[in-house]
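Structure data follow from start23.cif (mmCIF, C-alpha atoms):
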```cif
data_query
#
loop_
_atom_site.label_atom_id
_atom_site.label_comp_id
_atom_site.auth_asym_id
_atom_site.auth_seq_id
_atom_site.Cartn_x
_atom_site.Cartn_y
_atom_site.Cartn_z
CA MET A 1 0.00 0.00 0.00
CA ALA A 2 1.45 3.35 -1.01
CA ALA A 3 2.17 5.76 1.80
CA ASP A 4 0.16 8.51 0.09
CA THR A 5 -3.17 6.63 0.27
CA PRO A 6 -3.86 5.98 3.97
CA ASP A 7 -7.38 7.43 3.67
CA ILE A 8 -8.27 4.90 0.97
CA GLU A 9 -7.00 2.06 3.15
CA GLN A 10 -9.07 3.32 6.09
CA VAL A 11 -12.20 3.52 3.93
CA VAL A 12 -11.70 -0.11 2.88
CA ASN A 13 -11.00 -1.20 6.47
CA ASP A 14 -14.17 0.55 7.64
CA TYR A 15 -16.18 -1.16 4.89
CA VAL A 16 -14.80 -4.56 5.92
CA ALA A 17 -15.75 -3.70 9.51
CA VAL A 18 -19.36 -3.23 8.34
CA TRP A 19 -19.29 -6.67 6.71
CA ASN A 20 -17.89 -7.98 9.99
CA GLY A 21 -20.88 -6.55 11.89
CA ASP A 22 -19.81 -3.03 12.93
CA PHE A 23 -22.68 -1.04 11.42
CA SER A 24 -21.51 2.11 13.24
CA LYS A 25 -19.12 2.51 10.29
CA ALA A 26 -21.85 2.21 7.62
CA ASP A 27 -21.53 5.91 6.73
CA VAL A 28 -18.51 4.82 4.66
CA ILE A 29 -21.05 3.50 2.12
CA SER A 30 -22.25 6.07 -0.42
CA ASP A 31 -26.00 6.66 -0.75
CA SER A 32 -25.66 5.85 -4.47
CA VAL A 33 -23.50 2.74 -4.04
CA SER A 34 -23.69 -0.20 -6.43
CA HIS A 35 -22.69 -3.65 -5.16
CA TYR A 36 -22.19 -6.64 -7.46
CA GLN A 37 -21.55 -10.30 -6.65
CA PRO A 38 -22.57 -13.76 -7.89
CA ASN A 39 -25.25 -14.45 -5.24
CA VAL A 40 -27.47 -11.38 -5.54
CA PRO A 41 -30.56 -11.05 -7.76
CA ASP A 42 -29.63 -9.72 -11.19
CA GLY A 43 -26.04 -9.58 -9.93
CA GLY A 44 -26.38 -6.14 -8.35
CA ILE A 45 -27.77 -4.14 -5.44
CA HIS A 46 -28.11 -0.37 -5.60
CA GLY A 47 -28.34 2.20 -2.82
CA ARG A 48 -26.93 2.29 0.68
CA GLY A 49 -30.09 1.00 2.37
CA ALA A 50 -30.30 -2.00 0.06
CA VAL A 51 -26.59 -2.81 0.49
CA GLU A 52 -26.87 -2.54 4.28
CA ALA A 53 -29.93 -4.82 4.20
CA HIS A 54 -28.00 -7.33 2.10
CA ILE A 55 -25.07 -7.32 4.53
CA ARG A 56 -27.43 -7.76 7.50
CA SER A 57 -29.17 -10.65 5.72
CA PHE A 58 -25.84 -12.33 5.02
CA ARG A 59 -24.86 -11.87 8.66
CA GLU A 60 -28.14 -13.51 9.73
CA ALA A 61 -27.23 -16.53 7.59
CA PHE A 62 -23.61 -16.56 8.82
CA PRO A 63 -23.69 -14.70 12.19
CA ASP A 64 -20.02 -15.38 12.94
CA GLN A 65 -18.98 -14.29 9.44
CA HIS A 66 -15.56 -12.69 9.38
CA GLN A 67 -13.79 -11.19 6.41
CA THR A 68 -10.05 -10.57 6.32
CA ILE A 69 -8.18 -8.60 3.67
CA ASP A 70 -5.20 -10.72 2.62
CA ASP A 71 -3.76 -8.27 0.08
CA MET A 72 -4.64 -4.80 -1.15
CA LEU A 73 -3.53 -2.66 -4.07
CA ALA A 74 -4.87 0.89 -4.36
CA THR A 75 -4.81 3.90 -6.64
CA ASP A 76 -6.46 7.21 -5.79
CA GLU A 77 -9.98 5.83 -6.39
CA VAL A 78 -9.78 2.09 -7.11
CA VAL A 79 -8.85 -0.63 -4.64
CA MET A 80 -8.23 -4.25 -5.54
CA THR A 81 -8.36 -6.74 -2.67
CA GLU A 82 -7.85 -10.41 -2.09
CA TRP A 83 -9.89 -11.57 0.87
CA THR A 84 -10.87 -14.61 2.91
CA LEU A 85 -14.29 -15.01 4.46
CA THR A 86 -15.21 -17.56 7.10
CA GLY A 87 -18.51 -18.30 8.78
CA THR A 88 -20.97 -20.89 10.03
CA HIS A 89 -24.27 -21.36 8.16
CA GLU A 90 -26.83 -20.84 10.94
CA GLY A 91 -29.62 -18.99 9.08
CA GLU A 92 -31.31 -19.10 5.69
CA TYR A 93 -28.98 -18.21 2.83
CA VAL A 94 -30.36 -17.55 -0.68
CA GLY A 95 -33.25 -19.89 0.07
CA ILE A 96 -31.01 -22.56 1.62
CA ARG A 97 -32.00 -23.72 5.10
CA PRO A 98 -29.23 -23.66 7.74
CA THR A 99 -26.78 -26.55 7.49
CA GLY A 100 -24.62 -25.75 10.52
CA ARG A 101 -21.57 -26.14 8.29
CA GLU A 102 -18.58 -23.83 8.24
CA ILE A 103 -17.34 -22.17 5.08
CA GLU A 104 -14.04 -20.62 4.10
CA LEU A 105 -14.16 -18.67 0.89
CA GLU A 106 -11.43 -16.79 -0.93
CA GLY A 107 -12.26 -14.05 -3.38
CA MET A 108 -11.31 -10.76 -4.92
CA GLY A 109 -12.88 -7.35 -4.91
CA LYS A 110 -12.68 -4.25 -7.04
CA THR A 111 -13.89 -1.22 -5.14
CA ARG A 112 -14.26 2.33 -6.42
CA ILE A 113 -14.16 5.10 -3.86
CA ALA A 114 -15.44 8.63 -4.43
CA ASP A 115 -15.34 11.43 -1.87
CA GLY A 116 -14.13 9.03 0.81
CA ARG A 117 -17.04 6.59 0.43
CA ILE A 118 -17.65 3.25 -1.25
CA GLU A 119 -19.31 4.04 -4.59
CA ASP A 120 -18.97 0.74 -6.46
CA ASP A 121 -18.05 -2.67 -5.08
CA ARG A 122 -17.61 -5.80 -7.21
CA LEU A 123 -16.91 -9.15 -5.57
CA TYR A 124 -15.57 -12.15 -7.44
CA TYR A 125 -15.62 -15.64 -5.93
CA ASP A 126 -16.53 -19.23 -6.72
CA ARG A 127 -20.22 -19.62 -5.82
CA GLN A 128 -19.92 -23.37 -6.36
CA ALA A 129 -17.32 -23.53 -3.57
CA ILE A 130 -19.93 -22.26 -1.09
CA LEU A 131 -22.47 -24.88 -2.17
CA GLU A 132 -19.85 -27.63 -1.90
CA GLN A 133 -18.83 -26.54 1.59
CA LEU A 134 -22.48 -26.45 2.65
CA GLY A 135 -22.81 -30.06 1.43
CA LEU A 136 -25.23 -29.12 -1.35
CA ALA A 137 -23.08 -29.93 -4.37
CA ASP A 138 -20.39 -32.40 -5.31
CA GLY A 139 -16.85 -31.08 -5.34
#
```

Show me, as structure tokens, the structure contained in the file I just sent.
Amino acid sequence: MAADTPDIEQVVNDYVAVWNGDFSKADVISDSVSHYQPNVPDGGIHGRGAVEAHIRSFREAFPDQHQTIDDMLATDEVVMTEWTLTGTHEGEYVGIRPTGREIELEGMGKTRIADGRIEDDRLYYDRQAILEQLGLADG
């Protein structure tokens, strides 16, 4: 991480904290945010309220969910991350009843930041890996 971008790193760390359950930092999410990932309807969610609701729903499915940034590369507005997410499936997840199984998922993210807030967030991961770890698909 370049020494001249500590604010960008803090924005990303605050956003990860929201995913990890600290909603006091949710103001880091722009009102006009767009969030994209394989497991959301039509691939995208738009608006801060909808993104917060999605994160809360995911946390209900995996209440001990924890995301860690393994590597980060940033420019003035774009941040690329490699991350690891762990959690135990204790609530409904995309229509799947709780299995009680633990998951560990690795993925990447491309996040655009504007005016110190998350404006666009794109997550890339293997959806099949989640299903396999939940015992719902053959590996």

(request) Kindly indicate which residue among A:Glu132, A:Glu9, A:Asp121, A:Glu102 lies nearest to Ile69 in chain A, using only C-alpha atoms for the distances. (result)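 Looking at the shortest contact to Ile69 in chain A, the residue is A:Glu9.
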
(request) Using all atoms listed in the file, pick whichever of A:Gly49, A:Gly43, A:Pro38, A:Pro63 has the shortest atom-to-atom distance to Trp19 in chain A. (result) A:Pro63

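For the choices A:Ile45, A:Ile8, A:Leu131, A:Ile55, the atom-to-atom distance to Ile96 in chain A is smallest for A:Leu131 when using only C-alpha atoms.
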
(request) List the residues matched by the PyMOL selection byres ((chain A and resi 10) around 12) in the displayed structure as a PyMOL selection string, ordered by chain and then by residue number. (result) chain A and resi 1+5-9+11-17+25+28+72+74+79+113+116-118

Can I get the selected residues back with C-alpha atoms, as an mmCIF file, keeping the file's coordinate frame?
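The file below, out.cif, is the result:
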```
data_model
loop_
_atom_site.group_PDB
_atom_site.id
_atom_site.type_symbol
_atom_site.label_atom_id
_atom_site.label_comp_id
_atom_site.auth_asym_id
_atom_site.auth_seq_id
_atom_site.Cartn_x
_atom_site.Cartn_y
_atom_site.Cartn_z
ATOM 1 C CA MET A 1 0.000 0.000 0.000
ATOM 2 C CA THR A 5 -3.170 6.630 0.270
ATOM 3 C CA PRO A 6 -3.860 5.980 3.970
ATOM 4 C CA ASP A 7 -7.380 7.430 3.670
ATOM 5 C CA ILE A 8 -8.270 4.900 0.970
ATOM 6 C CA GLU A 9 -7.000 2.060 3.150
ATOM 7 C CA VAL A 11 -12.200 3.520 3.930
ATOM 8 C CA VAL A 12 -11.700 -0.110 2.880
ATOM 9 C CA ASN A 13 -11.000 -1.200 6.470
ATOM 10 C CA ASP A 14 -14.170 0.550 7.640
ATOM 11 C CA TYR A 15 -16.180 -1.160 4.890
ATOM 12 C CA VAL A 16 -14.800 -4.560 5.920
ATOM 13 C CA ALA A 17 -15.750 -3.700 9.510
ATOM 14 C CA LYS A 25 -19.120 2.510 10.290
ATOM 15 C CA VAL A 28 -18.510 4.820 4.660
ATOM 16 C CA MET A 72 -4.640 -4.800 -1.150
ATOM 17 C CA ALA A 74 -4.870 0.890 -4.360
ATOM 18 C CA VAL A 79 -8.850 -0.630 -4.640
ATOM 19 C CA ILE A 113 -14.160 5.100 -3.860
ATOM 20 C CA GLY A 116 -14.130 9.030 0.810
ATOM 21 C CA ARG A 117 -17.040 6.590 0.430
ATOM 22 C CA ILE A 118 -17.650 3.250 -1.250
#
```

Take the point (-16.2, -21.3, 5.1) in the file's coordinates, draw a sphere of radius 8 Å around it, and report as a PDB file with C-alpha atoms, in the coordinates of the input every protein, DNA or RNA residue with an atom inside or on it, counting only C-alpha atoms.
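Once written, point.pdb looks like this:
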```pdb
ATOM      1  CA  LEU A  85     -14.290 -15.010   4.460  1.00  0.00           C
ATOM      2  CA  THR A  86     -15.210 -17.560   7.100  1.00  0.00           C
ATOM      3  CA  GLY A  87     -18.510 -18.300   8.780  1.00  0.00           C
ATOM      4  CA  THR A  88     -20.970 -20.890  10.030  1.00  0.00           C
ATOM      5  CA  ARG A 101     -21.570 -26.140   8.290  1.00  0.00           C
ATOM      6  CA  GLU A 102     -18.580 -23.830   8.240  1.00  0.00           C
ATOM      7  CA  ILE A 103     -17.340 -22.170   5.080  1.00  0.00           C
ATOM      8  CA  GLU A 104     -14.040 -20.620   4.100  1.00  0.00           C
ATOM      9  CA  LEU A 105     -14.160 -18.670   0.890  1.00  0.00           C
ATOM     10  CA  ILE A 130     -19.930 -22.260  -1.090  1.00  0.00           C
ATOM     11  CA  GLN A 133     -18.830 -26.540   1.590  1.00  0.00           C
TER      12      GLN A 133
END
```

(request) Determine the residue set returned by the PyMOL selection byres ((chain A and resi 120) around 8) for the present structure, and present it as a PyMOL selection string. (result) chain A and resi 33-35+111-113+118-119+121-122

Resulting file, chosen residues, C-alpha atoms, as an mmCIF file, in the frame of the given file:
```
data_model
loop_
_atom_site.group_PDB
_atom_site.id
_atom_site.type_symbol
_atom_site.label_atom_id
_atom_site.label_comp_id
_atom_site.auth_asym_id
_atom_site.auth_seq_id
_atom_site.Cartn_x
_atom_site.Cartn_y
_atom_site.Cartn_z
ATOM 1 C CA VAL A 33 -23.500 2.740 -4.040
ATOM 2 C CA SER A 34 -23.690 -0.200 -6.430
ATOM 3 C CA HIS A 35 -22.690 -3.650 -5.160
ATOM 4 C CA THR A 111 -13.890 -1.220 -5.140
ATOM 5 C CA ARG A 112 -14.260 2.330 -6.420
ATOM 6 C CA ILE A 113 -14.160 5.100 -3.860
ATOM 7 C CA ILE A 118 -17.650 3.250 -1.250
ATOM 8 C CA GLU A 119 -19.310 4.040 -4.590
ATOM 9 C CA ASP A 121 -18.050 -2.670 -5.080
ATOM 10 C CA ARG A 122 -17.610 -5.800 -7.210
#
```

(message) I'd like the interatomic distance between CA of Gly107 in chain A and CA of Tyr125 in chain A, to a tenth of an Å.
(response)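 Computing the Euclidean distance for CA of Gly107 in chain A and CA of Tyr125 in chain A yields 4.5 Å.
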
Hits from the PyMOL selection byres ((chain A and resi 82) around 6), listed as a compact mmCIF listing (two decimals) with C-alpha atoms, in the coordinates of the input:
```
# COMPACT_ATOMS: atom_id res chain seq x y z
CA ASP A 70 -5.20 -10.72 2.62
CA ASP A 71 -3.76 -8.27 0.08
CA THR A 81 -8.36 -6.74 -2.67
CA TRP A 83 -9.89 -11.57 0.87
CA GLY A 107 -12.26 -14.05 -3.38
CA MET A 108 -11.31 -10.76 -4.92
```

(request) Take CA of Val51 in chain A and CA of Arg97 in chain A and report the distance between them in Å, one decimal. (result)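 Calculated distance between CA of Val51 in chain A and CA of Arg97 in chain A is 22.1 Å.
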
(request) Please indicate the distance in Å from CA of Asp126 in chain A to CA of Ser24 in chain A, rounded to one decimal place. (result) 29.6 Å

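Nearest residue to Thr84 in chain A among A:Asn20, A:Ser30, A:Ser57, A:Thr99 is A:Asn20, counting all atoms listed in the file.
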
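With all atoms listed in the file as the atoms that count, the minimum distance from Thr68 in chain A to the choices A:Tyr36, A:His54, A:Glu106, A:Gly44 is reached by A:Glu106.
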
Taking all atoms of range 53-66 of chain A that appear in the file, build a box with edges along x, y and z, extend it by 3 Å on every side, and state its centre and edge lengths in Å to one decimal, as AutoDock Vina command-line options.
```
--center_x -22.7 --center_y -10.7 --center_z 7.5 --size_x 20.4 --size_y 17.7 --size_z 16.8
```

File output, chain A (C-alpha atoms) as a short mmCIF file (atom, residue, chain, number, x, y, z; two decimals), in the first residue's frame:
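Output saved as out-v9.cif:
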```cif
data_model
loop_
_atom_site.label_atom_id
_atom_site.label_comp_id
_atom_site.auth_asym_id
_atom_site.auth_seq_id
_atom_site.Cartn_x
_atom_site.Cartn_y
_atom_site.Cartn_z
CA MET A 1 0.00 0.00 0.00
CA ALA A 2 1.45 3.35 -1.01
CA ALA A 3 2.17 5.76 1.80
CA ASP A 4 0.16 8.51 0.09
CA THR A 5 -3.17 6.63 0.27
CA PRO A 6 -3.86 5.98 3.97
CA ASP A 7 -7.38 7.43 3.67
CA ILE A 8 -8.27 4.90 0.97
CA GLU A 9 -7.00 2.06 3.15
CA GLN A 10 -9.07 3.32 6.09
CA VAL A 11 -12.20 3.52 3.93
CA VAL A 12 -11.70 -0.11 2.88
CA ASN A 13 -11.00 -1.20 6.47
CA ASP A 14 -14.17 0.55 7.64
CA TYR A 15 -16.18 -1.16 4.89
CA VAL A 16 -14.80 -4.56 5.92
CA ALA A 17 -15.75 -3.70 9.51
CA VAL A 18 -19.36 -3.23 8.34
CA TRP A 19 -19.29 -6.67 6.71
CA ASN A 20 -17.89 -7.98 9.99
CA GLY A 21 -20.88 -6.55 11.89
CA ASP A 22 -19.81 -3.03 12.93
CA PHE A 23 -22.68 -1.04 11.42
CA SER A 24 -21.51 2.11 13.24
CA LYS A 25 -19.12 2.51 10.29
CA ALA A 26 -21.85 2.21 7.62
CA ASP A 27 -21.53 5.91 6.73
CA VAL A 28 -18.51 4.82 4.66
CA ILE A 29 -21.05 3.50 2.12
CA SER A 30 -22.25 6.07 -0.42
CA ASP A 31 -26.00 6.66 -0.75
CA SER A 32 -25.66 5.85 -4.47
CA VAL A 33 -23.50 2.74 -4.04
CA SER A 34 -23.69 -0.20 -6.43
CA HIS A 35 -22.69 -3.65 -5.16
CA TYR A 36 -22.19 -6.64 -7.46
CA GLN A 37 -21.55 -10.30 -6.65
CA PRO A 38 -22.57 -13.76 -7.89
CA ASN A 39 -25.25 -14.45 -5.24
CA VAL A 40 -27.47 -11.38 -5.54
CA PRO A 41 -30.56 -11.05 -7.76
CA ASP A 42 -29.63 -9.72 -11.19
CA GLY A 43 -26.04 -9.58 -9.93
CA GLY A 44 -26.38 -6.14 -8.35
CA ILE A 45 -27.77 -4.14 -5.44
CA HIS A 46 -28.11 -0.37 -5.60
CA GLY A 47 -28.34 2.20 -2.82
CA ARG A 48 -26.93 2.29 0.68
CA GLY A 49 -30.09 1.00 2.37
CA ALA A 50 -30.30 -2.00 0.06
CA VAL A 51 -26.59 -2.81 0.49
CA GLU A 52 -26.87 -2.54 4.28
CA ALA A 53 -29.93 -4.82 4.20
CA HIS A 54 -28.00 -7.33 2.10
CA ILE A 55 -25.07 -7.32 4.53
CA ARG A 56 -27.43 -7.76 7.50
CA SER A 57 -29.17 -10.65 5.72
CA PHE A 58 -25.84 -12.33 5.02
CA ARG A 59 -24.86 -11.87 8.66
CA GLU A 60 -28.14 -13.51 9.73
CA ALA A 61 -27.23 -16.53 7.59
CA PHE A 62 -23.61 -16.56 8.82
CA PRO A 63 -23.69 -14.70 12.19
CA ASP A 64 -20.02 -15.38 12.94
CA GLN A 65 -18.98 -14.29 9.44
CA HIS A 66 -15.56 -12.69 9.38
CA GLN A 67 -13.79 -11.19 6.41
CA THR A 68 -10.05 -10.57 6.32
CA ILE A 69 -8.18 -8.60 3.67
CA ASP A 70 -5.20 -10.72 2.62
CA ASP A 71 -3.76 -8.27 0.08
CA MET A 72 -4.64 -4.80 -1.15
CA LEU A 73 -3.53 -2.66 -4.07
CA ALA A 74 -4.87 0.89 -4.36
CA THR A 75 -4.81 3.90 -6.64
CA ASP A 76 -6.46 7.21 -5.79
CA GLU A 77 -9.98 5.83 -6.39
CA VAL A 78 -9.78 2.09 -7.11
CA VAL A 79 -8.85 -0.63 -4.64
CA MET A 80 -8.23 -4.25 -5.54
CA THR A 81 -8.36 -6.74 -2.67
CA GLU A 82 -7.85 -10.41 -2.09
CA TRP A 83 -9.89 -11.57 0.87
CA THR A 84 -10.87 -14.61 2.91
CA LEU A 85 -14.29 -15.01 4.46
CA THR A 86 -15.21 -17.56 7.10
CA GLY A 87 -18.51 -18.30 8.78
CA THR A 88 -20.97 -20.89 10.03
CA HIS A 89 -24.27 -21.36 8.16
CA GLU A 90 -26.83 -20.84 10.94
CA GLY A 91 -29.62 -18.99 9.08
CA GLU A 92 -31.31 -19.10 5.69
CA TYR A 93 -28.98 -18.21 2.83
CA VAL A 94 -30.36 -17.55 -0.68
CA GLY A 95 -33.25 -19.89 0.07
CA ILE A 96 -31.01 -22.56 1.62
CA ARG A 97 -32.00 -23.72 5.10
CA PRO A 98 -29.23 -23.66 7.74
CA THR A 99 -26.78 -26.55 7.49
CA GLY A 100 -24.62 -25.75 10.52
CA ARG A 101 -21.57 -26.14 8.29
CA GLU A 102 -18.58 -23.83 8.24
CA ILE A 103 -17.34 -22.17 5.08
CA GLU A 104 -14.04 -20.62 4.10
CA LEU A 105 -14.16 -18.67 0.89
CA GLU A 106 -11.43 -16.79 -0.93
CA GLY A 107 -12.26 -14.05 -3.38
CA MET A 108 -11.31 -10.76 -4.92
CA GLY A 109 -12.88 -7.35 -4.91
CA LYS A 110 -12.68 -4.25 -7.04
CA THR A 111 -13.89 -1.22 -5.14
CA ARG A 112 -14.26 2.33 -6.42
CA ILE A 113 -14.16 5.10 -3.86
CA ALA A 114 -15.44 8.63 -4.43
CA ASP A 115 -15.34 11.43 -1.87
CA GLY A 116 -14.13 9.03 0.81
CA ARG A 117 -17.04 6.59 0.43
CA ILE A 118 -17.65 3.25 -1.25
CA GLU A 119 -19.31 4.04 -4.59
CA ASP A 120 -18.97 0.74 -6.46
CA ASP A 121 -18.05 -2.67 -5.08
CA ARG A 122 -17.61 -5.80 -7.21
CA LEU A 123 -16.91 -9.15 -5.57
CA TYR A 124 -15.57 -12.15 -7.44
CA TYR A 125 -15.62 -15.64 -5.93
CA ASP A 126 -16.53 -19.23 -6.72
CA ARG A 127 -20.22 -19.62 -5.82
CA GLN A 128 -19.92 -23.37 -6.36
CA ALA A 129 -17.32 -23.53 -3.57
CA ILE A 130 -19.93 -22.26 -1.09
CA LEU A 131 -22.47 -24.88 -2.17
CA GLU A 132 -19.85 -27.63 -1.90
CA GLN A 133 -18.83 -26.54 1.59
CA LEU A 134 -22.48 -26.45 2.65
CA GLY A 135 -22.81 -30.06 1.43
CA LEU A 136 -25.23 -29.12 -1.35
CA ALA A 137 -23.08 -29.93 -4.37
CA ASP A 138 -20.39 -32.40 -5.31
CA GLY A 139 -16.85 -31.08 -5.34
#
```
